[in-house]
Structures are given as structure tokens and as C-alpha cells.
Amino acid sequence: MKSRGILYLYLLGLIGLLASSCSVTRRMEADQYLLMRNRIVIQPEAGLERAERVSREELSSYIRQRPNKRLFGIPFYLHIYNLSAPEKENWTKRIGEAPVIYDPIETGRSVTAMSIYMQGRGFFSSSVEAVTDTLDGRKIGVEYRVTPGVPSRLGTIAYDFEDTFVEPLVLADTAGTLIHSGEIFSSEKLQAERQRITASLKGEGYYNFSINNILYLVDTVSNPGAVNVKIRIRRRVAGYEGAASDEPILENNKVYRLRNIYIQPDYDPNRAAATTSAGQAPARGRGLDTLEYRGVNFIYSRELNVRPDVLMRAINIYPNDLYDADNVNRAYDNLMKLNYFRSASILFSELPDSLGAMITYIGAGSDSDASTQEGYLDCTIQCTPGTRQSYSIDLEGTSTSTYYGALFTLGYQNRNLLKGAESIDFSLTTGYEFMRVPGRKNSIELGGAVGISFPRFVAPMRIDRYNRFSNVRTRAELSVNYQNRPFYTRTLTSASWGYSWSNARFSSFSLRPIDISVVNVTRLDTTSTYYTNLRNPYLINSFDSQLIAGVSGSFLYNNQVQDVNANAFRLRINAETNGNLLNLLSPLVAQKFYNTGRKGYYYRFFGIRYAQYVRGDLDVSYKIATGLKTAIAARFYVGAGHAYGNSANTSIPFERQFYAGGPNSMRGWQVRTLGPGSTLAEEYRTASEAEAEVKKSGASAVTYPAQVGNFKLEGNLEFRFPIYKFLNGAVFGDLGNIWLIGREQADVDPESYFRFDRFYDQLALNTGIGARMDFGFFLFRIDWGLRLHDPNKPSGQKWIRNLTLRQSAFSFSVGYPF
């Protein structure tokens, strides 16, 4: 205890030395000032709705100079930088951050950038000025004072079609316009409207149409305080009058169709025989073969590595189709989501005008008879295969003062098993759990799984005939898991058949119409202290063999798909129901049994009782990027399950119950050691009970961790920051617990049940720090969690008093916790 106190004093002294004794300005020149803060003050303008005002966050992005980064309010990285002289290049310079010296030129540029932004937002009479405030010790702060003034609003919005052929297409799509009369003028919205119209026309065959074909004529004179806008759709320049003339020849924009389509599924950019110039047809000969399938030419060398029907379902592009940019993007996404190609490119080449024809639109427009020329494009799709086979290693572990656990998984994957981009994967899992208690056996877990997925719907009937969904997968899985615990041995066997698909950029769905599991308990020591002292009925019932058969599904929304350093939102919803079909068949084919000591009966199939329950959970997480590599991440999780019918007098299966603790949950606790509710942990039971257990088992009153419940509530908060190169750090806090819900039973501790009037007192709380080693292709994570509030301790001892290892837990895993 004495040595630990000396260690605490040493750490506090070191922090105090960094925080206060080192002057942050001591290595600066005499005429330099350290930039300490930026502040933006916006003069409020009456009559503006909140959504119409310019926020400080918007203007903040235009500030050129920013103060040094802070950690818990302290310029930690600047202190590290100042530990050595400026001329020395060592670890302090690599980890630390040089002082940000105030530069009036950069401040002036910030003022100019803000003024331009305010003008673009419609505040034409706005003003921006910067005022500096000299602080103590050669430090300075900058205050940007913004006066918006009265904004100018959009007046009339009209169109001017020089290209009359596009008039009906543009006018038919005005319901989706982004600009409306009465709104505050915004150059960003005008630019977005140009992009929207361009994207719409590119979906109608206008391959060469660009935002440069759209001009805005802005009138701020005719109607003071308002901005009248005319949108002009220009014609294309087809040429010039004579060789020496500057007079352009203007024609309506071309509409393009696809003529020849070439697909190279084994394209190698480093192989000269397979190279093509952008959009040109692949060279014949030189060891290349051609196969025509549904009008599309497949170019390959030696052997076609992916079947044509698989690729055609992915691209869904055919000769004589109108060019559609959305279809092209969808084809690229589908090719990459086959998980076989490392890269793909879709190139187009324009054919001579002589191959085209004139098409005419007859209708009510500015011209009753409008025409344009139709052109043709050749399309070349080049796909570079990735690594066909791969291996993976996953390691996860937890540690407390009395318990160690590790789980090791070795995986193998083949991404093109049958030349249809089928993916087959195998995994072997082994786990070992060790308790540092005399007389207690250790635990072993062995498992294996095999799964195969197809890049299409595999079903008796035709699904998605018109290819409306993307990233379609059918997956079949089979797994076996053997668990040898100190007090029981059981085998878990499961099989499933499911589908997954996407119908939006960030949304995906999965449905498993067949989801079967069999839990076979082959050994149960009912005389052991562990079993006889169980107070949780969910644990008692979990030792029965069970058959689980039902339907499950999930929905996932995740917008973090491109920029990992941007804000991100993730939502996952899972739902399942089991035993309903078996319940309908039970009176016909199942065996009927009566409950011992209780009313009612239940059925068994092949000698195993089947489970009947419903379960669902909601997982929401949000990440706020506070800097280039810093972020605040938060998560909220809630889940519940209810047993009924054939499981009315028992519980949902142990594997489908909720638990807390471990590397991805309450990190101050080991897996399944928290809860339920405020039930006293075994180590805090009465002395007579503890002595009786010691006498029977010859060991201390410590049991194998297996606390579960049918309701879970949890929240997590984490601040992530860089330390050095691939090493990142985190400070986190976790709040939550598990409970029992449903009818209270007399032989169950009432503190295990969830009640609205007391659940907040039963919430566990921990804090902690972590290290993340980001190697690019995977992230290794180590976390140390410290319990601050433990609801499973006796009254008066729930809040932390002394810092000991028994009140903390170490865990390591791969990937972020959320």
C-alpha cells in the first residue's frame, strides 16, 4: 500500500510538472505571441429563423490559424515539444506540436475568407473584423466580430432554354429543385442545383453534359432586397465557322446510346497484351480470347475466371441502352461488392458522328418541333482480380485479479470458389479461461464454422427480377462449438440460411428464414456449489438442452463508408422470433411433457425441448470528428427478450440472453460478471453462506462468471486522439447493466428485476484509458477499465474508495468497440 501511494504521488508530480512548471512561451522569440484562442461573435439579426442564421461552426472552418491542440484543457503536445531545445530533432519533436505563433497576415486572410462566405450566403451588407486581445505571458487571443446585416432573398426563378430539346426533361424534374422563391440567396445552393440538373440529364443519355452548360443570370437591381434568378441551359459547341473563324457552331446537346460493351474480368494493368487506351476496345490476339454473351463481349486470357451470368447481373448494362450515369455508378458498386475484384474501371469512348442519327421531340415547348443528334459510345469495363485466398487471425482477451481469458480464431477465405464470386470461409476457434482460485478447474472452448455466400438470391422463386437491389448475398452457415466448463459440458450446433441486400447507399438488410441451433448438455454437476447456489433462474434454465428454430433479421445504416475522419452515424436493429412454427406442429409430431411442480406442459422434438421467444435490440452510435485525427464517439444500446409458449415457465436460451462486460461493453468488468440489477455478487454474500461454500468446495467463494438477463441498457462515451504515428489513445466511460424483466418469482432476488423507480441506482459506471495500434489493414486495441460504481457490492461500498486491481479489468481486441 505504501509503495502504491508513492507511485500515485510520483504520477501526480509528473503531471503537475508538465501542466504548470513548464512555460509554454519560454522557447519563443521576444517579439512573438502564442495564439491561445479564437472566438467568433455574431451580431444577432432580428427576423431570421434559426435555420437561416450563419453559425459559428460554419465560419470556424475559414480560420487559417488555430491554437495548439489540448488534452483535458492542457496544451499537452506543446509541453512535450518544449521538453527539448528547438534545434534538437528527437522524439519530443515527433510526438509534440510546435507553438502556433500569431500571424496578422493569416488573420487578415481569415477575415477575407469569412467575408466571401457571408456574401455567398446572401448577406451582401455584412462586415467582418478581427480584434486581438493580448493575454499574460506573451499570449494572444483573436476575436472575429461578424455583423450579418439584412440578407437578400430569392425573387423570381425562371428558365431560359437555348437547348430546347432538354426543356421537357428539366421542367418535369422541377419538383426536386433545391432553390425556392423567398429563401435567402445562397451560392452553394445555386451550385448544388446545377449539379442536380446535370446529374438528372446524365441519367437520360447526356454523356457530355456538364455544369458548364448551365449559367445563372442574377438580377439584384429590378427588385431591391431580392435576387431574381434566371437559369440558362446552353447548347454545345459543335465546331467553328471555317478554319480562321472564331464564330462557334451551336447545336443541341447530344443524347448517347451504348453500342459495344467489352468486359475484361482478368485485367492486369501491368500486362502489355491486355492494356487498352482509355475507353478503346481491348486488343485482340496476343493470347486473348473473346466470348459473346447476351450481346456483351468478354475478353480474357487463358480461362474466364468469373462466369458471364454473374458479371451481367452485377453491371446490368446492355447494348443500345441510353447512357445512364446512375447505372454506371451502380455497376461499379456491384462489381466491387462481389468482394473478388481489387479494382474496377468503366471507360467510354465516343464514336464518330456519322454513326449517329437525328431524333425529334414533338410537343409543347418553346419549339413545337425540337431535335438533337444521337451519338454512340463504346464501353470498356476493366476488372482487376484481388487475392483469391486469404487468412485471418483474431485474438480477444480479458483479465481481472482473479480471472484470465483468451479467445483465438484462425480463419480462411476463398473469394471465387466456383467461378461465380462465391465466397467460402472456414474458421477454427479455441478459448482458454483460467481462474486463480485453488481447487477450481479451468475452462476450454473449441469450435469450427464453415460458411458459403453467393452474390445473388438463391431461392425456389425468382427474387428481384429487375435488379433493384445491390450487394445481394445468399449465405449458408454451419457451426459446432464445444464448451467444457468447470461445472458442465455442452455442444452447440447451428445452421442457418439467410439473405442480405442493400437498396440505398448507406442502408443494408438481412433476413434469415432458417436459423436453427441445438444446445446439447452432456454433463451437468448438479451437486456443485456453483449450481446449488445459483439465484438467477435464467442461468438455471440455461443448463437444459434446447432446440432453437426460428426467423431473424436485421437492418443497418452506416454512413461512414468513405472518409473515416468525418462525422459518422450508425444504426443497427436486430429482431428474431423462435419456436412459432414448431409450436404449430407440436400437437401432431412432438412429445408432450408436464412441468414438475408447476402448472402447464411443454413439447419436445426428438427428445429436446424447443425454445419459444421473441428478442430484439437497438444499437445506435455517433462519431463527431473534432479534429483531423481526434473524435468523440458515443453509443446507446438497449435490448430485451421475452419467453412464452413452450418456454413460458423457463427463459430464453442462454446464448440469446444479454450480458455486460468485456472489450466491447462495460470495460471495467470481465465478460458476464456484471448484474443482474443490484444483486449482490457471490463474494459479498453473508459469512455463513461463504463459509459453507468454502467448506464444500475447498475454495474461496468465487464463481465462474456467467451473469445474464433478458434486458440490457448501456451507454458508452469515448474520446479518441493520436499519440505517435500508428499509436492512438482513448479515454472512455461506460454506463449500464443487465436486468430480469417479466413476472417476479419468489425464489429470485427482487433486486435482479428492472423497475423504473430504481434502475438508475443500479447502473454500473466505469472509466478507463486505452491504446489503439492502427496498422491500416487492422487495428489492435488494449483497454484498462476502472470501476467507479459497482451495483453488485453491498450498500455503502458501491462507489470506489481505494484504487486496486480488483476494481479494474484489462481487455484486448481487434477493431473499435463501436
# chains A, B, ... in the order shown; residues from 1 in each chain; ligands from 1
>>> residues_around(residues="Pro352 (chain A)", least_positions_apart="5", cutoff="12 Å", atoms="only C-alpha atoms", output="list in words")
Tyr256, Ala357, Gln373, Glu374, Gly375, Tyr376, Leu377 and Asp378 of chain A
>>> residues_around(residues="Arg672 (chain A)", least_positions_apart="6", cutoff="8 Å", atoms="only C-alpha atoms", output="short mmCIF file (atom, residue, chain, number, x, y, z; two decimals) with all heavy atoms, in the first residue's frame")
data_model
loop_
_atom_site.label_atom_id
_atom_site.label_comp_id
_atom_site.auth_asym_id
_atom_site.auth_seq_id
_atom_site.Cartn_x
_atom_site.Cartn_y
_atom_site.Cartn_z
N TYR A 659 -25.68 -9.90 -21.77
CA TYR A 659 -24.66 -9.84 -20.73
C TYR A 659 -23.91 -8.52 -20.85
O TYR A 659 -24.01 -7.81 -21.87
CB TYR A 659 -23.69 -11.02 -20.85
CG TYR A 659 -22.87 -11.03 -22.12
CD1 TYR A 659 -21.65 -10.36 -22.20
CD2 TYR A 659 -23.32 -11.73 -23.24
CE1 TYR A 659 -20.91 -10.36 -23.35
CE2 TYR A 659 -22.58 -11.73 -24.41
CZ TYR A 659 -21.37 -11.05 -24.46
OH TYR A 659 -20.65 -11.05 -25.62
N ALA A 660 -23.17 -8.20 -19.82
CA ALA A 660 -22.40 -6.96 -19.81
C ALA A 660 -20.96 -7.28 -19.42
O ALA A 660 -20.69 -8.28 -18.74
CB ALA A 660 -23.00 -5.94 -18.84
N GLY A 661 -20.05 -6.41 -19.83
CA GLY A 661 -18.64 -6.59 -19.54
C GLY A 661 -17.88 -7.08 -20.75
O GLY A 661 -18.47 -7.54 -21.74
N GLY A 662 -16.55 -6.94 -20.70
CA GLY A 662 -15.73 -7.38 -21.80
C GLY A 662 -15.22 -6.23 -22.65
O GLY A 662 -15.52 -5.05 -22.40
N PRO A 705 -17.75 -16.74 -14.00
CA PRO A 705 -18.57 -15.60 -14.45
C PRO A 705 -19.61 -16.02 -15.47
O PRO A 705 -19.28 -16.53 -16.53
CB PRO A 705 -17.53 -14.65 -15.07
CG PRO A 705 -16.39 -15.53 -15.46
CD PRO A 705 -16.35 -16.62 -14.44
N ALA A 706 -20.88 -15.81 -15.17
CA ALA A 706 -21.95 -16.18 -16.10
C ALA A 706 -23.23 -15.42 -15.78
O ALA A 706 -24.31 -16.00 -15.74
CB ALA A 706 -22.20 -17.68 -16.05
N GLN A 707 -23.15 -14.12 -15.53
CA GLN A 707 -24.33 -13.33 -15.21
C GLN A 707 -25.01 -12.87 -16.50
O GLN A 707 -24.38 -12.23 -17.34
CB GLN A 707 -23.95 -12.13 -14.35
CG GLN A 707 -23.30 -12.49 -13.02
CD GLN A 707 -24.17 -13.46 -12.23
OE1 GLN A 707 -25.37 -13.27 -12.10
NE2 GLN A 707 -23.54 -14.49 -11.69
N VAL A 708 -26.30 -13.19 -16.63
CA VAL A 708 -27.06 -12.83 -17.82
C VAL A 708 -28.45 -12.36 -17.40
O VAL A 708 -28.88 -12.55 -16.26
CB VAL A 708 -27.18 -14.02 -18.80
CG1 VAL A 708 -25.84 -14.37 -19.40
CG2 VAL A 708 -27.81 -15.22 -18.11
#
>>> residues_around(residues="Ile101 (chain A)", least_positions_apart="5", cutoff="8 Å", atoms="only C-alpha atoms", output="list of chain:residue names")
A:Gln32, A:Tyr33, A:Leu34, A:Leu35
>>> closest_residue(among="A:Ile782, A:Val146, A:Leu59, A:Ile105", to="Tyr117 (chain A)", atoms="only C-alpha atoms")
A:Leu59
>>> select_by_dssp(residues="region 284-506 of chain A", states="helix (DSSP H, G or I)", output="MDAnalysis selection string")
chainID A and resid 308:315 325:336 353:355
>>> residues_around(residues="region 311-323 of chain A", least_positions_apart="3", cutoff="6 Å", atoms="only C-alpha atoms", output="NGL selection string")
:A and (205 or 256-259 or 308 or 331 or 334-335)
>>> residues_around(residues="Ser479 (chain A)", least_positions_apart="2", cutoff="7 Å", atoms="only C-alpha atoms", output="list in words")
Gly448, Ala449, Val450, Glu477, Asn481, Thr493, Ser494 and Ala495 of chain A
>>> write_last_selection(atoms="N, CA, C and O atoms", output="short mmCIF file (atom, residue, chain, number, x, y, z; two decimals), in the first residue's frame")
data_model
loop_
_atom_site.label_atom_id
_atom_site.label_comp_id
_atom_site.auth_asym_id
_atom_site.auth_seq_id
_atom_site.Cartn_x
_atom_site.Cartn_y
_atom_site.Cartn_z
N GLY A 448 -15.69 -24.73 -34.58
CA GLY A 448 -15.40 -24.62 -36.00
C GLY A 448 -16.64 -24.16 -36.74
O GLY A 448 -17.77 -24.42 -36.31
N ALA A 449 -16.44 -23.46 -37.84
CA ALA A 449 -17.56 -22.96 -38.62
C ALA A 449 -17.19 -22.94 -40.09
O ALA A 449 -16.02 -22.74 -40.44
N VAL A 450 -18.16 -23.17 -40.93
CA VAL A 450 -17.99 -23.07 -42.37
C VAL A 450 -19.19 -22.32 -42.93
O VAL A 450 -20.33 -22.52 -42.50
N GLU A 477 -24.61 -21.22 -43.42
CA GLU A 477 -23.59 -21.39 -42.39
C GLU A 477 -23.86 -22.65 -41.58
O GLU A 477 -25.03 -23.04 -41.37
N ASN A 481 -19.70 -25.85 -31.66
CA ASN A 481 -18.92 -25.27 -30.59
C ASN A 481 -19.00 -26.18 -29.37
O ASN A 481 -20.09 -26.50 -28.90
N THR A 493 -24.62 -26.66 -31.76
CA THR A 493 -24.61 -26.87 -33.20
C THR A 493 -25.65 -25.95 -33.83
O THR A 493 -26.79 -25.87 -33.36
N SER A 494 -25.26 -25.24 -34.89
CA SER A 494 -26.19 -24.30 -35.51
C SER A 494 -26.07 -24.36 -37.02
O SER A 494 -24.99 -24.66 -37.57
N ALA A 495 -27.16 -24.06 -37.69
CA ALA A 495 -27.21 -23.98 -39.15
C ALA A 495 -28.16 -22.86 -39.53
O ALA A 495 -29.19 -22.65 -38.87
#
>>> residues_around(residues="Ile723 (chain A)", least_positions_apart="6", cutoff="12 Å", atoms="only C-alpha atoms", output="ChimeraX atom specification")
/A:69,71,76-77,80,91-92,94-97,629-630,729-730,770-774
>>> residues_around(residues="region 153-170 of chain A", least_positions_apart="5", cutoff="9 Å", atoms="only C-alpha atoms", output="compact mmCIF listing (two decimals) with N, CA and C atoms, in the first residue's frame")
# COMPACT_ATOMS: atom_id res chain seq x y z
N GLY A 122 -25.70 35.25 -49.05
CA GLY A 122 -26.76 36.23 -49.27
C GLY A 122 -26.70 37.44 -48.37
N ILE A 179 -33.75 25.22 -54.97
CA ILE A 179 -33.88 26.67 -54.75
C ILE A 179 -35.35 27.06 -54.87
N HIS A 180 -35.79 27.96 -53.97
CA HIS A 180 -37.19 28.37 -53.94
C HIS A 180 -37.27 29.87 -53.67
N SER A 181 -38.28 30.50 -54.24
CA SER A 181 -38.50 31.93 -54.01
C SER A 181 -38.77 32.18 -52.53
N GLY A 182 -38.19 33.27 -52.02
CA GLY A 182 -38.36 33.63 -50.61
C GLY A 182 -37.24 33.15 -49.72
N GLU A 183 -36.42 32.20 -50.20
CA GLU A 183 -35.28 31.75 -49.42
C GLU A 183 -34.14 32.75 -49.51
N ILE A 184 -33.27 32.74 -48.52
CA ILE A 184 -32.08 33.58 -48.56
C ILE A 184 -31.17 33.10 -49.68
N PHE A 185 -30.66 34.04 -50.45
CA PHE A 185 -29.75 33.72 -51.54
C PHE A 185 -28.55 32.93 -51.02
N SER A 186 -28.17 31.87 -51.74
CA SER A 186 -27.03 31.06 -51.34
C SER A 186 -26.33 30.56 -52.60
N ILE A 197 -29.33 19.25 -61.70
CA ILE A 197 -29.84 19.22 -63.07
C ILE A 197 -28.91 18.42 -63.97
N SER A 200 -29.34 14.74 -63.32
CA SER A 200 -30.61 14.28 -63.87
C SER A 200 -30.49 14.04 -65.38
N LEU A 201 -29.83 14.94 -66.10
CA LEU A 201 -29.69 14.79 -67.55
C LEU A 201 -28.70 13.69 -67.90
N GLU A 204 -30.32 10.55 -68.44
CA GLU A 204 -31.22 10.49 -69.60
C GLU A 204 -30.43 10.40 -70.90
N ASN A 223 -35.55 44.46 -58.30
CA ASN A 223 -36.35 44.33 -57.08
C ASN A 223 -35.42 44.48 -55.89
N GLY A 225 -33.52 44.38 -52.52
CA GLY A 225 -33.64 43.43 -51.41
C GLY A 225 -33.91 42.02 -51.86
N ALA A 226 -34.15 41.82 -53.15
CA ALA A 226 -34.41 40.49 -53.68
C ALA A 226 -33.45 40.20 -54.82
N VAL A 227 -33.27 38.90 -55.09
CA VAL A 227 -32.39 38.46 -56.17
C VAL A 227 -33.22 37.62 -57.14
N ASN A 228 -33.43 38.15 -58.36
CA ASN A 228 -34.13 37.41 -59.40
C ASN A 228 -33.12 36.54 -60.14
N VAL A 229 -33.47 35.28 -60.34
CA VAL A 229 -32.54 34.32 -60.94
C VAL A 229 -33.15 33.73 -62.20
N LYS A 230 -32.34 33.68 -63.26
CA LYS A 230 -32.73 33.00 -64.50
C LYS A 230 -31.71 31.91 -64.77
N ILE A 231 -32.21 30.69 -64.96
CA ILE A 231 -31.35 29.53 -65.21
C ILE A 231 -31.29 29.30 -66.71
N ARG A 232 -30.13 29.43 -67.28
CA ARG A 232 -29.96 29.27 -68.72
C ARG A 232 -29.29 27.93 -69.02
N ILE A 233 -29.94 27.12 -69.87
CA ILE A 233 -29.40 25.84 -70.32
C ILE A 233 -28.81 26.07 -71.71
N ARG A 234 -27.49 25.97 -71.78
CA ARG A 234 -26.79 26.31 -73.01
C ARG A 234 -26.69 25.12 -73.96
N ARG A 235 -26.49 25.43 -75.24
CA ARG A 235 -26.23 24.41 -76.25
C ARG A 235 -24.74 24.10 -76.26
N ARG A 236 -24.37 23.05 -76.95
CA ARG A 236 -22.98 22.65 -77.04
C ARG A 236 -22.32 23.31 -78.25
N GLU A 251 -25.16 23.62 -81.32
CA GLU A 251 -26.17 22.60 -81.54
C GLU A 251 -26.71 22.13 -80.20
N ASN A 252 -27.90 21.52 -80.25
CA ASN A 252 -28.43 20.93 -79.03
C ASN A 252 -27.51 19.81 -78.53
N ASN A 253 -27.49 19.62 -77.23
CA ASN A 253 -26.61 18.61 -76.63
C ASN A 253 -27.00 17.22 -77.09
N THR A 360 -36.18 13.46 -82.86
CA THR A 360 -37.03 14.64 -82.79
C THR A 360 -38.06 14.48 -81.69
N TYR A 361 -38.25 15.57 -80.96
CA TYR A 361 -39.30 15.60 -79.96
C TYR A 361 -40.40 16.52 -80.46
N GLY A 363 -43.86 18.30 -79.35
CA GLY A 363 -44.70 18.56 -78.19
C GLY A 363 -44.76 20.03 -77.90
N ALA A 364 -45.33 20.36 -76.75
CA ALA A 364 -45.50 21.75 -76.34
C ALA A 364 -44.25 22.21 -75.61
N GLY A 365 -43.47 23.03 -76.25
CA GLY A 365 -42.31 23.62 -75.63
C GLY A 365 -42.05 24.96 -76.26
N SER A 366 -40.85 25.50 -76.05
CA SER A 366 -40.54 26.76 -76.70
C SER A 366 -40.54 26.58 -78.21
N ASP A 367 -40.20 25.37 -78.68
CA ASP A 367 -40.34 24.99 -80.09
C ASP A 367 -41.26 23.77 -80.13
N ASP A 369 -41.25 21.68 -82.44
CA ASP A 369 -40.52 20.61 -83.10
C ASP A 369 -39.04 20.78 -82.77
N ALA A 370 -38.59 20.08 -81.72
CA ALA A 370 -37.20 20.18 -81.28
C ALA A 370 -36.47 18.89 -81.61
N SER A 371 -35.20 18.99 -82.01
CA SER A 371 -34.44 17.81 -82.39
C SER A 371 -33.02 17.92 -81.87
N THR A 372 -32.37 16.77 -81.79
CA THR A 372 -30.96 16.72 -81.42
C THR A 372 -30.35 15.49 -82.06
>>> atom_distance(atom1="CA of Asn503 (chain A)", atom2="CA of Ile452 (chain A)")
22.5 Å
>>> atom_distance(atom1="CA of Pro151 (chain A)", atom2="CA of Gly120 (chain A)")
10.6 Å
>>> select_by_dssp(residues="region 143-331 of chain A", states="strand (DSSP E or B)", output="ChimeraX atom specification")
/A:143-147,153-161,184,214-219,226-233,236-240,248-251,255-264,285,288-293,296-301,322
>>> closest_residue(among="A:Leu410, A:Ile116, A:Gln264, A:Pro99", to="Asn68 (chain A)", atoms="only C-alpha atoms")
A:Pro99
